[in-house]
Amino acid sequence: MEGFKPRILIGKPGLDGHDRGAKVIARTLRDSGMEVIYTGLRQTPEMIVNAAMQEDVDAIGLSILSGAHMTIIPRILNLLQENEMSDVPVFVGGIIPQEDADALLEMGVAGVFGPGSSIDQISAVVWERVRRA
């Protein structure tokens, strides 16, 4: 694993225009030794999965503050499965109620991070998961 530099896609699906948190996480992951691809605002699930395929990423991080996580995330997970990428871990951050976070984890999301999550914790969890993949 020495020299391993995972490729992580950070996406902002939906109509939410607040991307400061996504940019902070992107910089944190980059500074921890990962290669980060940031897709920008207002991405559709299809755009995110297509970018993940084109960039051959090791993980996907999504920032959702709009409340549409229970619609968007299942669609992304389905698209990943349809494209034989279900082994790519998906992490989600944003305003997500605990019951929804539990449901997302049951669907196969690798981690859910809400307000107050430590950037060091997020980085450690992503590193742990991509090393296992």
# chains A, B, ... in the order shown; residues from 1 in each chain; ligands from 1
>>> select_by_dssp(residues="range 46-109 of chain A", states="strand (DSSP E or B)", output="count of residues only")
11
>>> closest_atom_pairs(of="range 90-110 of chain A", to="range 21-45 of chain A", cutoff="12 Å", atoms="only C-alpha atoms", output="CSV")
residue,atom,partner,partner_atom,distance
A:Phe91,CA,A:Ile25,CA,11.4
A:Val92,CA,A:Ala22,CA,10.2
A:Gly93,CA,A:Ala22,CA,8.3
A:Gly94,CA,A:Gly21,CA,8.5
A:Ile95,CA,A:Gly21,CA,11.3
>>> write_last_selection(atoms="C-alpha atoms", output="tab-separated table (two decimals), in the first residue's frame")
chain	number	residue	atom	x	y	z
A	91	PHE	CA	-19.61	8.70	1.80
A	92	VAL	CA	-22.24	11.34	2.51
A	93	GLY	CA	-22.05	14.56	4.44
A	94	GLY	CA	-24.67	17.16	5.20
A	95	ILE	CA	-27.80	17.77	7.20
>>> residues_around(residues="Leu65 in chain A", least_positions_apart="4", cutoff="10 Å", atoms="only C-alpha atoms", output="list in words")
Lys12, Pro13, Gly14, Leu15, Asp16, Gly17, His18, Asp19, Gly21, His69, Gly93, Gly94, Ile95, Ile96 and Gly114 of chain A
>>> residues_around(residues="range 97-111 of chain A", least_positions_apart="6", cutoff="10 Å", atoms="only C-alpha atoms", output="list in words")
Ala59, Ile60, Gly61, Gly67, His69, Met70, Ile73, Pro74, Leu77, Ser86, Asp87, Val88, Pro89, Val90, Phe91, Ile122, Val125, Val126 and Arg129 of chain A
>>> select_by_dssp(residues="range 5-123 of chain A", states="helix (DSSP H, G or I)", output="number ranges by chain")
A: 20-31, 45-55, 69-82, 98-107, 119-123
>>> write_last_selection(atoms="C-alpha atoms", output="PDB file, in the first residue's frame")
ATOM      1  CA  ARG A  20     -17.970  25.379   1.364  1.00  0.00           C
ATOM      2  CA  GLY A  21     -18.063  22.114   3.348  1.00  0.00           C
ATOM      3  CA  ALA A  22     -17.394  20.045   0.229  1.00  0.00           C
ATOM      4  CA  LYS A  23     -14.391  22.226  -0.586  1.00  0.00           C
ATOM      5  CA  VAL A  24     -13.049  21.932   2.964  1.00  0.00           C
ATOM      6  CA  ILE A  25     -13.327  18.143   2.810  1.00  0.00           C
ATOM      7  CA  ALA A  26     -11.775  18.068  -0.669  1.00  0.00           C
ATOM      8  CA  ARG A  27      -8.787  20.067   0.600  1.00  0.00           C
ATOM      9  CA  THR A  28      -8.495  17.922   3.749  1.00  0.00           C
ATOM     10  CA  LEU A  29      -8.457  14.697   1.749  1.00  0.00           C
ATOM     11  CA  ARG A  30      -5.986  16.168  -0.722  1.00  0.00           C
ATOM     12  CA  ASP A  31      -3.718  17.283   2.112  1.00  0.00           C
ATOM     13  CA  PRO A  45     -26.660  11.384 -10.058  1.00  0.00           C
ATOM     14  CA  GLU A  46     -25.867  10.428 -13.653  1.00  0.00           C
ATOM     15  CA  MET A  47     -23.203  13.142 -13.924  1.00  0.00           C
ATOM     16  CA  ILE A  48     -21.593  11.993 -10.676  1.00  0.00           C
ATOM     17  CA  VAL A  49     -21.494   8.321 -11.638  1.00  0.00           C
ATOM     18  CA  ASN A  50     -20.228   9.133 -15.142  1.00  0.00           C
ATOM     19  CA  ALA A  51     -17.426  11.254 -13.658  1.00  0.00           C
ATOM     20  CA  ALA A  52     -16.610   8.447 -11.207  1.00  0.00           C
ATOM     21  CA  MET A  53     -16.322   5.990 -14.094  1.00  0.00           C
ATOM     22  CA  GLN A  54     -14.234   8.327 -16.252  1.00  0.00           C
ATOM     23  CA  GLU A  55     -11.888   9.199 -13.393  1.00  0.00           C
ATOM     24  CA  HIS A  69     -30.524  12.630   0.265  1.00  0.00           C
ATOM     25  CA  MET A  70     -33.142   9.859   0.436  1.00  0.00           C
ATOM     26  CA  THR A  71     -33.886  10.366  -3.263  1.00  0.00           C
ATOM     27  CA  ILE A  72     -30.431  11.152  -4.612  1.00  0.00           C
ATOM     28  CA  ILE A  73     -28.295   8.596  -2.760  1.00  0.00           C
ATOM     29  CA  PRO A  74     -30.370   5.514  -3.692  1.00  0.00           C
ATOM     30  CA  ARG A  75     -30.253   6.653  -7.328  1.00  0.00           C
ATOM     31  CA  ILE A  76     -26.466   6.990  -7.200  1.00  0.00           C
ATOM     32  CA  LEU A  77     -26.104   3.579  -5.533  1.00  0.00           C
ATOM     33  CA  ASN A  78     -28.328   2.016  -8.216  1.00  0.00           C
ATOM     34  CA  LEU A  79     -26.328   3.663 -11.013  1.00  0.00           C
ATOM     35  CA  LEU A  80     -23.089   2.423  -9.476  1.00  0.00           C
ATOM     36  CA  GLN A  81     -24.495  -1.100  -9.340  1.00  0.00           C
ATOM     37  CA  GLU A  82     -25.755  -0.892 -12.937  1.00  0.00           C
ATOM     38  CA  GLN A  98     -30.147  10.049  12.287  1.00  0.00           C
ATOM     39  CA  GLU A  99     -32.970   7.793  11.069  1.00  0.00           C
ATOM     40  CA  ASP A 100     -32.073   8.668   7.474  1.00  0.00           C
ATOM     41  CA  ALA A 101     -28.375   8.146   8.217  1.00  0.00           C
ATOM     42  CA  ASP A 102     -29.188   4.679   9.548  1.00  0.00           C
ATOM     43  CA  ALA A 103     -31.231   3.904   6.416  1.00  0.00           C
ATOM     44  CA  LEU A 104     -28.417   5.114   4.150  1.00  0.00           C
ATOM     45  CA  LEU A 105     -25.913   2.913   5.979  1.00  0.00           C
ATOM     46  CA  GLU A 106     -28.267  -0.060   5.542  1.00  0.00           C
ATOM     47  CA  MET A 107     -28.420   0.721   1.797  1.00  0.00           C
ATOM     48  CA  ILE A 119     -12.403  16.592   9.436  1.00  0.00           C
ATOM     49  CA  ASP A 120      -9.705  14.366  10.904  1.00  0.00           C
ATOM     50  CA  GLN A 121     -12.322  11.685  11.618  1.00  0.00           C
ATOM     51  CA  ILE A 122     -13.711  11.948   8.090  1.00  0.00           C
ATOM     52  CA  SER A 123     -10.236  11.644   6.592  1.00  0.00           C
TER      53      SER A 123
END
>>> atom_distance(atom1="CA of Val112 in chain A", atom2="CA of Phe4 in chain A")
24.2 Å
>>> atom_distance(atom1="CA of Pro115 in chain A", atom2="CA of Asp56 in chain A")
29.1 Å
>>> atom_distance(atom1="CA of Pro6 in chain A", atom2="CA of Arg132 in chain A")
11.5 Å
>>> decode(residues="range 102-128 of chain A", atoms="N, CA and C atoms", output="CSV table (one decimal), in the first residue's frame")
chain,number,residue,atom,x,y,z
A,102,ASP,N,-29.1,6.1,9.3
A,102,ASP,CA,-29.2,4.7,9.5
A,102,ASP,C,-29.7,4.0,8.3
A,103,ALA,N,-30.7,4.5,7.6
A,103,ALA,CA,-31.2,3.9,6.4
A,103,ALA,C,-30.2,3.9,5.3
A,104,LEU,N,-29.5,5.0,5.2
A,104,LEU,CA,-28.4,5.1,4.1
A,104,LEU,C,-27.3,4.1,4.4
A,105,LEU,N,-26.9,3.9,5.7
A,105,LEU,CA,-25.9,2.9,6.0
A,105,LEU,C,-26.4,1.5,5.6
A,106,GLU,N,-27.7,1.2,5.9
A,106,GLU,CA,-28.3,-0.1,5.5
A,106,GLU,C,-28.3,-0.3,4.0
A,107,MET,N,-28.4,0.8,3.3
A,107,MET,CA,-28.4,0.7,1.8
A,107,MET,C,-27.0,0.4,1.3
A,108,GLY,N,-26.0,0.7,2.1
A,108,GLY,CA,-24.6,0.4,1.6
A,108,GLY,C,-23.7,1.6,1.6
A,109,VAL,N,-24.2,2.7,2.1
A,109,VAL,CA,-23.3,3.9,2.2
A,109,VAL,C,-22.2,3.6,3.2
A,110,ALA,N,-21.0,4.0,2.9
A,110,ALA,CA,-19.9,3.6,3.8
A,110,ALA,C,-19.7,4.5,5.0
A,111,GLY,N,-20.3,5.7,5.0
A,111,GLY,CA,-20.2,6.6,6.1
A,111,GLY,C,-21.1,7.8,5.9
A,112,VAL,N,-21.7,8.3,7.0
A,112,VAL,CA,-22.5,9.5,7.0
A,112,VAL,C,-22.0,10.4,8.0
A,113,PHE,N,-21.7,11.7,7.6
A,113,PHE,CA,-21.1,12.7,8.4
A,113,PHE,C,-22.0,13.9,8.5
A,114,GLY,N,-22.4,14.2,9.7
A,114,GLY,CA,-23.2,15.4,9.9
A,114,GLY,C,-22.5,16.6,10.4
A,115,PRO,N,-23.2,17.6,10.7
A,115,PRO,CA,-22.6,18.8,11.3
A,115,PRO,C,-21.8,18.5,12.6
A,116,GLY,N,-20.7,19.0,12.7
A,116,GLY,CA,-19.8,18.8,13.9
A,116,GLY,C,-18.9,17.6,13.7
A,117,SER,N,-19.0,16.9,12.6
A,117,SER,CA,-18.0,15.8,12.3
A,117,SER,C,-16.6,16.4,12.2
A,118,SER,N,-15.7,15.8,12.8
A,118,SER,CA,-14.3,16.2,12.7
A,118,SER,C,-13.7,15.9,11.3
A,119,ILE,N,-13.0,16.9,10.7
A,119,ILE,CA,-12.4,16.6,9.4
A,119,ILE,C,-11.3,15.5,9.5
A,120,ASP,N,-10.7,15.4,10.7
A,120,ASP,CA,-9.7,14.4,10.9
A,120,ASP,C,-10.4,13.0,10.9
A,121,GLN,N,-11.6,12.9,11.6
A,121,GLN,CA,-12.3,11.7,11.6
A,121,GLN,C,-12.8,11.3,10.2
A,122,ILE,N,-13.3,12.2,9.5
A,122,ILE,CA,-13.7,11.9,8.1
A,122,ILE,C,-12.5,11.4,7.3
A,123,SER,N,-11.4,12.1,7.3
A,123,SER,CA,-10.2,11.6,6.6
A,123,SER,C,-9.8,10.2,7.0
A,124,ALA,N,-9.8,10.0,8.3
A,124,ALA,CA,-9.4,8.6,8.8
A,124,ALA,C,-10.3,7.6,8.3
A,125,VAL,N,-11.6,7.8,8.3
A,125,VAL,CA,-12.6,6.8,7.9
A,125,VAL,C,-12.5,6.6,6.4
A,126,VAL,N,-12.3,7.6,5.6
A,126,VAL,CA,-12.1,7.4,4.2
A,126,VAL,C,-10.9,6.6,3.9
A,127,TRP,N,-9.8,7.0,4.5
A,127,TRP,CA,-8.5,6.3,4.3
A,127,TRP,C,-8.7,4.8,4.7
A,128,GLU,N,-9.3,4.5,5.8
A,128,GLU,CA,-9.5,3.1,6.3
A,128,GLU,C,-10.3,2.4,5.2
